[in-house]
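Undergrad: Got a file for you: target.txt, compact mmCIF, C-alpha atoms.
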# COMPACT_ATOMS: atom_id res chain seq x y z
CA MET J 1 15.84 78.89 130.04
CA THR J 2 15.20 81.39 132.83
CA GLU J 3 17.74 82.08 135.57
CA ARG J 4 15.55 80.19 138.01
CA ASP J 5 15.47 77.17 135.62
CA GLU J 6 19.28 77.23 135.53
CA GLU J 7 19.40 77.34 139.31
CA ILE J 8 17.10 74.31 139.50
CA VAL J 9 19.30 72.35 137.06
CA GLU J 10 22.40 73.28 139.09
CA SER J 11 20.61 72.31 142.31
CA LEU J 12 19.79 68.87 140.87
CA ARG J 13 23.43 68.35 139.79
CA LEU J 14 24.76 69.28 143.21
CA ALA J 15 22.12 67.16 144.96
CA ASP J 16 23.35 64.13 142.98
CA SER J 17 26.96 64.81 143.97
CA VAL J 18 26.21 65.41 147.64
CA THR J 19 24.00 62.34 148.11
CA SER J 20 26.79 60.14 146.73
CA ILE J 21 29.05 61.08 149.68
CA ASP J 22 29.57 58.34 152.28
CA GLY J 23 27.81 59.36 155.46
CA VAL J 24 25.03 61.34 153.75
CA ARG J 25 21.82 59.40 154.24
CA ALA J 26 19.44 61.79 152.46
CA LEU J 27 18.80 65.44 151.73
CA ALA J 28 15.88 67.37 153.17
CA PRO J 29 13.83 69.36 150.65
CA GLY J 30 15.13 72.86 150.05
CA LEU J 31 13.06 75.99 150.53
CA HIS J 32 11.91 76.14 146.92
CA ALA J 33 10.86 72.51 147.03
CA LEU J 34 8.94 73.08 150.26
CA VAL J 35 7.16 76.05 148.69
CA ALA J 36 6.35 74.04 145.56
CA THR J 37 4.94 71.16 147.63
CA ALA J 38 2.93 73.48 149.90
CA THR J 39 1.61 75.41 146.88
CA ALA J 40 0.57 72.15 145.27
CA LYS J 41 -1.36 71.20 148.42
CA VAL J 42 -3.04 74.61 148.66
CA LEU J 43 -3.86 74.88 144.94
CA ARG J 44 -4.35 71.14 144.38
CA ARG J 45 -1.73 70.89 141.62
CA THR J 46 1.30 68.65 141.05
CA GLY J 47 4.33 69.94 142.94
CA GLY J 48 7.22 68.77 140.81
CA GLU J 49 10.38 66.98 141.91
CA PRO J 50 11.74 67.86 145.35
CA VAL J 51 15.39 68.91 145.29
CA GLY J 52 17.62 68.65 148.33
CA VAL J 53 19.96 71.48 147.35
CA ASP J 54 19.00 75.11 146.73
CA VAL J 55 21.28 77.13 144.46
CA THR J 56 20.38 80.82 144.35
CA ARG J 57 22.11 83.89 143.07
CA GLY J 58 21.90 87.36 144.53
CA GLY J 59 24.16 90.31 143.91
CA ASP J 60 27.72 89.12 143.59
CA ARG J 61 27.36 85.76 145.27
CA VAL J 62 26.18 82.22 144.70
CA LYS J 63 24.46 80.64 147.69
CA VAL J 64 24.23 76.88 148.03
CA LYS J 65 21.86 75.75 150.78
CA ILE J 66 21.93 72.11 151.84
CA ASP J 67 19.91 70.36 154.54
CA ALA J 68 21.32 66.88 155.03
CA HIS J 69 20.45 63.80 157.04
CA LEU J 70 23.63 61.92 158.00
CA ASP J 71 24.27 58.42 159.24
CA HIS J 72 26.67 57.18 161.93
CA THR J 73 29.42 55.85 159.68
CA ARG J 74 31.63 58.95 159.82
CA SER J 75 32.06 61.94 162.10
CA VAL J 76 29.95 64.97 161.19
CA ALA J 77 33.02 67.14 160.58
CA GLU J 78 34.47 64.61 158.15
CA VAL J 79 31.25 64.52 156.10
CA VAL J 80 30.94 68.32 156.19
CA ASP J 81 34.49 68.71 154.85
CA GLU J 82 33.74 66.32 152.02
CA ILE J 83 30.47 68.11 151.15
CA PHE J 84 32.37 71.39 150.87
CA SER J 85 35.03 69.71 148.67
CA VAL J 86 32.41 68.18 146.40
CA VAL J 87 30.49 71.44 145.97
CA GLU J 88 33.69 73.40 145.29
CA ALA J 89 34.85 70.75 142.81
CA ASP J 90 31.48 70.83 141.00
CA ILE J 91 31.78 74.58 140.67
CA ALA J 92 35.36 74.29 139.43
CA ARG J 93 34.31 71.85 136.69
CA GLY J 94 31.36 73.99 135.64
CA ALA J 95 28.41 71.98 136.97
CA VAL J 96 27.40 75.20 138.69
CA GLU J 97 28.18 78.48 137.04
CA ALA J 98 30.72 80.32 139.11
CA GLY J 99 30.07 83.99 139.70
CA GLY J 100 31.26 85.94 142.70
CA ARG J 101 31.56 84.67 146.24
CA LEU J 102 30.40 81.18 147.08
CA ASP J 103 28.41 80.76 150.30
CA ILE J 104 27.65 77.22 151.42
CA ASP J 105 24.90 77.11 154.04
CA LEU J 106 24.93 73.58 155.38
CA ARG J 107 22.64 72.24 158.07
CA VAL J 108 22.75 68.74 159.48
CA VAL J 109 19.10 67.99 160.16
CA SER J 110 19.58 64.63 161.81
CA ARG J 111 22.12 61.90 162.38
CA GLY J 112 21.06 58.34 162.69
CA MET B 1 40.26 71.07 178.79
CA ASP B 2 38.82 73.11 181.68
CA MET B 3 36.55 71.26 184.07
CA ASN B 4 34.09 72.54 186.58
CA GLU B 5 31.71 71.00 189.07
CA HIS B 6 29.09 73.04 190.81
CA VAL B 7 25.45 73.18 191.67
CA SER B 8 22.84 74.99 189.66
CA SER B 9 22.30 75.16 185.97
CA GLY B 10 19.86 76.63 183.60
CA THR B 11 19.57 77.56 180.03
CA GLU B 12 18.85 81.00 178.77
CA PRO B 13 16.10 81.38 176.19
CA ASP B 14 17.54 82.04 172.75
CA PRO B 15 17.10 85.80 172.21
CA THR B 16 17.78 85.48 168.48
CA SER B 17 15.17 82.80 167.71
CA SER B 18 12.38 85.34 166.96
CA GLU B 19 14.86 87.35 164.85
CA SER B 20 15.92 84.28 162.90
CA HIS B 21 12.27 83.24 162.44
CA GLN B 22 11.55 86.72 161.06
CA GLU B 23 14.52 86.43 158.68
CA THR B 24 13.39 83.00 157.54
CA ASP B 25 9.82 84.30 157.09
CA ASP B 26 11.10 87.18 154.95
CA GLN B 27 13.15 84.79 152.85
CA LEU B 28 10.18 82.45 152.59
CA ARG B 29 7.84 85.21 151.44
CA GLY B 30 10.37 86.10 148.74
CA VAL B 31 10.49 82.51 147.51
CA ILE B 32 6.68 82.25 147.55
CA ASP B 33 6.29 85.49 145.57
CA GLU B 34 8.86 84.30 143.06
CA TYR B 35 7.18 80.91 142.71
CA MET B 36 3.68 82.39 142.39
CA SER B 37 4.90 84.70 139.62
CA THR B 38 5.58 81.64 137.44
CA PHE B 39 1.90 80.79 137.02
CA GLN B 40 -1.51 82.38 137.33
CA PRO B 41 -3.76 80.78 139.96
CA GLU B 42 -7.52 80.83 139.50
CA PRO B 43 -9.19 83.89 141.08
CA GLU B 44 -10.99 81.73 143.65
CA ASP B 45 -7.62 80.25 144.68
CA THR B 46 -5.85 83.53 145.43
CA ALA B 47 -7.61 84.53 148.63
CA GLY B 48 -5.12 84.00 151.42
CA VAL B 49 -3.12 81.56 149.30
CA ARG B 50 0.23 83.07 150.20
CA GLU B 51 -0.52 82.90 153.91
CA ARG B 52 -1.68 79.29 153.65
CA ILE B 53 1.50 78.32 151.77
CA LEU B 54 3.58 80.22 154.33
CA GLN B 55 1.99 78.32 157.21
CA LEU B 56 2.48 74.91 155.60
CA VAL B 57 6.15 75.60 154.90
CA ARG B 58 6.71 77.06 158.37
CA ASP B 59 5.39 73.86 159.91
CA ASP B 60 7.91 71.88 157.86
CA LEU B 61 10.78 74.30 158.24
CA TYR B 62 10.92 75.09 161.93
CA ARG B 63 12.51 71.97 163.24
CA GLY B 64 14.01 73.54 166.30
CA PRO B 65 17.23 75.38 167.11
CA SER B 66 20.63 74.70 165.55
CA THR B 67 24.13 74.68 167.00
CA HIS B 68 26.71 76.42 164.82
CA LEU B 69 30.08 74.68 164.66
CA GLN B 70 33.10 74.59 162.38
CA THR B 71 35.38 71.78 161.21
CA GLU B 72 39.13 71.97 161.78
CA HIS B 73 39.42 72.91 158.11
CA GLY B 74 37.31 76.00 158.73
CA HIS B 75 34.07 74.80 157.13
CA PRO B 76 31.07 76.18 159.07
CA PHE B 77 27.92 74.15 159.50
CA ALA B 78 24.77 74.11 161.57
CA ILE B 79 23.53 70.95 163.22
CA SER B 80 20.20 70.45 164.93
CA THR B 81 20.75 71.06 168.62
CA ALA B 82 18.67 67.96 169.37
CA SER B 83 21.21 65.81 167.50
CA VAL B 84 24.12 67.28 169.45
CA ARG B 85 22.35 66.85 172.79
CA SER B 86 21.56 63.26 171.89
CA ILE B 87 25.27 62.48 171.38
CA VAL B 88 26.14 63.91 174.80
CA ARG B 89 23.14 62.30 176.52
CA ASN B 90 24.06 58.85 175.20
CA ALA B 91 27.66 59.29 176.39
CA VAL B 92 26.51 60.31 179.88
CA ASP B 93 23.94 57.52 180.17
CA SER B 94 26.61 54.96 179.26
CA VAL B 95 28.37 55.69 182.57
CA ASP B 96 27.28 53.27 185.31
CA GLY B 97 25.15 54.90 187.99
CA ILE B 98 24.58 58.13 186.09
CA ARG B 99 21.53 59.41 184.25
CA ALA B 100 21.65 62.57 182.17
CA ARG B 101 19.10 65.24 182.95
CA SER B 102 19.58 68.54 181.11
CA VAL B 103 22.24 68.89 178.39
CA ASP B 104 23.44 72.11 176.84
CA VAL B 105 26.13 72.41 174.15
CA GLU B 106 27.44 75.79 173.03
CA PRO B 107 29.99 76.70 170.35
CA ALA B 108 33.40 77.65 171.77
CA GLY B 109 37.03 78.00 170.76
CA VAL B 110 38.81 80.32 168.37
CA PRO B 111 37.33 80.65 165.83
CA GLU B 112 33.99 80.18 167.55
CA GLY B 113 32.49 76.79 166.83
CA SER B 114 35.82 75.01 166.42
CA ALA B 115 35.21 73.49 169.87
CA ALA B 116 32.23 72.96 172.14
CA THR B 117 31.36 73.78 175.73
CA VAL B 118 29.13 71.25 177.44
CA SER B 119 26.98 71.94 180.50
CA LEU B 120 25.01 69.08 181.92
CA THR B 121 23.08 68.05 184.96
CA VAL B 122 22.91 64.46 186.11
CA ALA B 123 21.20 62.23 188.60
CA MET B 124 23.52 59.79 190.34
CA ARG B 125 22.87 56.51 192.07
CA ALA B 126 23.17 56.59 195.84
CA GLY B 127 26.59 55.50 197.08
CA ILE B 128 28.55 56.59 194.04
CA SER B 129 31.63 58.78 194.47
CA PHE B 130 30.84 61.87 192.45
CA ALA B 131 34.45 63.07 192.08
CA SER B 132 35.73 59.89 190.43
CA THR B 133 32.55 59.36 188.44
CA ALA B 134 32.71 62.92 187.11
CA ASP B 135 36.08 62.07 185.54
CA VAL B 136 34.53 59.06 183.83
CA ILE B 137 31.65 61.22 182.57
CA ARG B 138 34.08 63.79 181.18
CA ARG B 139 36.13 61.16 179.36
CA SER B 140 32.98 59.58 177.92
CA VAL B 141 31.51 62.90 176.76
CA SER B 142 34.80 64.20 175.40
CA ALA B 143 35.42 61.00 173.41
CA ALA B 144 31.87 60.95 172.03
CA ILE B 145 31.93 64.56 170.87
CA LEU B 146 35.27 64.08 169.14
CA ALA B 147 34.31 60.76 167.52
CA GLU B 148 30.75 61.68 166.48
CA LEU B 149 31.03 65.37 165.73
CA GLY B 150 34.73 65.64 164.95
CA ILE B 151 34.92 68.66 167.25
CA PRO B 152 36.86 68.76 170.58
CA ALA B 153 35.16 69.60 173.90
CA ALA B 154 36.81 72.70 175.38
CA ARG B 155 34.98 72.55 178.70
CA ILE B 156 32.59 70.17 180.41
CA ASP B 157 30.58 71.43 183.40
CA ILE B 158 28.76 68.82 185.42
CA ASN B 159 26.06 69.50 188.00
CA ALA B 160 24.70 66.73 190.20
CA GLU B 161 21.13 67.67 190.99
CA ASP B 162 19.57 64.46 192.22
CA VAL B 163 20.30 61.09 193.79
CA TYR B 164 18.34 57.97 192.97
CA VAL B 165 18.11 54.54 194.54
CA ASP B 166 17.97 51.47 192.26
Starting from the coordinates I provided, produce the structure as structure tokens.
TA:
Amino acid sequence: MTERDEEIVESLRLADSVTSIDGVRALAPGLHALVATATAKVLRRTGGEPVGVDVTRGGDRVKVKIDAHLDHTRSVAEVVDEIFSVVEADIARGAVEAGGRLDIDLRVVSRG
Amino acid sequence: MDMNEHVSSGTEPDPTSSESHQETDDQLRGVIDEYMSTFQPEPEDTAGVRERILQLVRDDLYRGPSTHLQTEHGHPFAISTASVRSIVRNAVDSVDGIRARSVDVEPAGVPEGSAATVSLTVAMRAGISFASTADVIRRSVSAAILAELGIPAARIDINAEDVYVD
């Protein structure tokens, strides 16, 4: 399995955890998923499964990028805190291989 | 909370938006190169393929500016500025005799983003007392930001720029 394959598997695991949080309505496709979909359109191939979380490694850090659509049931800050807790817990239990500094880049795309 | 009422408002264009677009483009090109290295496209498919992919993803990706805030537990996040403005706009429009015009929300507080500064312009119905209504607007906006975002409003500036007759 290549490093990129491992990152995709980790992304899928985290996506499952994050979408189970109350207040998270859906995840927007990550950058790799957008590229895969766009490449499929341009080259007329199948694009594969879109993943709402992007786990990437560079240097001494692990970057987790999440674009989330939230609903109105909880305040944004409350949901954000829980997303951070869930991601950190997943890393602690080994769902994502820990290695260096963890950067969580979270964007709330919409709320409604 | 510091309050202010005065005439005139305006928003400055975001000087960093072209820089952040360039950064995102660079990151995007890296992802495209990495993805394209995993398979070999047909020769007739390669002409301009990277640029076409880049354009498609750009169209999806650039959803407008973000506002950078932080929860009370120190967790930073970005939220689409349109979503934040919508929360404030709804709170203003819920006040009788007031219609929101422009809305601007900026990160504030220490650390930056732990609170928000709101600047808004409104139209008010003829005959309304602005001073007392401004207090109602502030309470409505402050409560909405805290309830919906979970972030306190540090300052709310209100400009009345128009009067309307029902």
Undergrad: Please, which residues of chain J lie no more than 8 Å from chain B when the count uses only C-alpha atoms, and can they be set out as a list of chain:residue names?
TA: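 Taking only C-alpha atoms into account, J:Leu31, J:His32, J:Leu34, J:Val35, J:Ala36, J:Ala38, J:Thr39, J:Val42, J:Leu43, J:His72, J:Arg74, J:Ser75, J:Val76, J:Ala77, J:Glu78, J:Val80, J:Asp81, J:Phe84, J:Asp105, J:Leu106, J:Arg107, J:Val108, J:Val109, J:Ser110, J:Arg111 sit within 8 Å of chain B.
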Undergrad: To one decimal in Å, tell me the separation between atom CA of J:Leu27 and atom CA of J:Gly94.
TA: 22.1 Å
Undergrad: Could you jot down the atom CA of J:Leu14 to atom CA of J:Arg101 separation for me, Å, one decimal place?
TA: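 We find that atom CA of J:Leu14 and atom CA of J:Arg101 lie 17.1 Å from each other.
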Undergrad: For atom CA of B:Arg85 and atom CA of B:Ser102, determine how far apart the two atoms are, in Å to one decimal place.
TA: 8.9 Å
Undergrad: If you count only C-alpha atoms, which residues fall within 7 Å of B:Arg89, apart from same-chain ones fewer than 4 positions away, as a PyMOL selection string?
TA: chain B and resi 85+93+100+103
Undergrad: Could those residues be written to a file, using C-alpha atoms, as a PDB file, in the frame of the given file?
TA:
ATOM      1  CA  ARG B  85      22.350  66.850 172.790  1.00  0.00           C
ATOM      2  CA  ASP B  93      23.940  57.520 180.170  1.00  0.00           C
ATOM      3  CA  ALA B 100      21.650  62.570 182.170  1.00  0.00           C
ATOM      4  CA  VAL B 103      22.240  68.890 178.390  1.00  0.00           C
TER       5      VAL B 103
END
Undergrad: When you look at J:Gly23 with a cut-off of 6 Å (counting only C-alpha atoms), what residues show up, excluding the ones that are within fewer than 6 positions of it in the same chain? I need them as a PyMOL selection string.
TA: chain J and resi 70-71+73-74
Undergrad: Residues near B:Arg101, anyone? I mean within 12 Å using only C-alpha atoms, not counting same-chain ones fewer than 4 positions away, as a ChimeraX atom specification.
TA: /B:9-10,85-86,88-90,92-93,119-124,158-163
Undergrad: I'd like the contact shell of J:Arg13 - 12 Å cut-off, all atoms listed in the file, skipping same-chain residues fewer than 3 positions apart - returned as a list of chain:residue names.
TA: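 Selected residues are J:Glu6, J:Glu7, J:Ile8, J:Val9, J:Glu10, J:Asp16, J:Ser17, J:Val18, J:Thr19, J:Ser20, J:Val51, J:Gly52, J:Val53, J:Asp54, J:Val55, J:Val64, J:Val86, J:Val87, J:Asp90, J:Ile91, J:Arg93, J:Gly94, J:Ala95, J:Val96, J:Glu97.
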Undergrad: Given all atoms listed in the file as the basis, pick out the residue of J:Gly30, J:Gly58, J:Gly112, J:Gly100 nearest to J:Ala15.
TA: J:Gly30
Undergrad: Quick one: everything within 10 Å of B:Gly127, counting all atoms listed in the file, minus sequence neighbours fewer than 5 positions away in the same chain. Send it as a count of residues only.
TA: 4
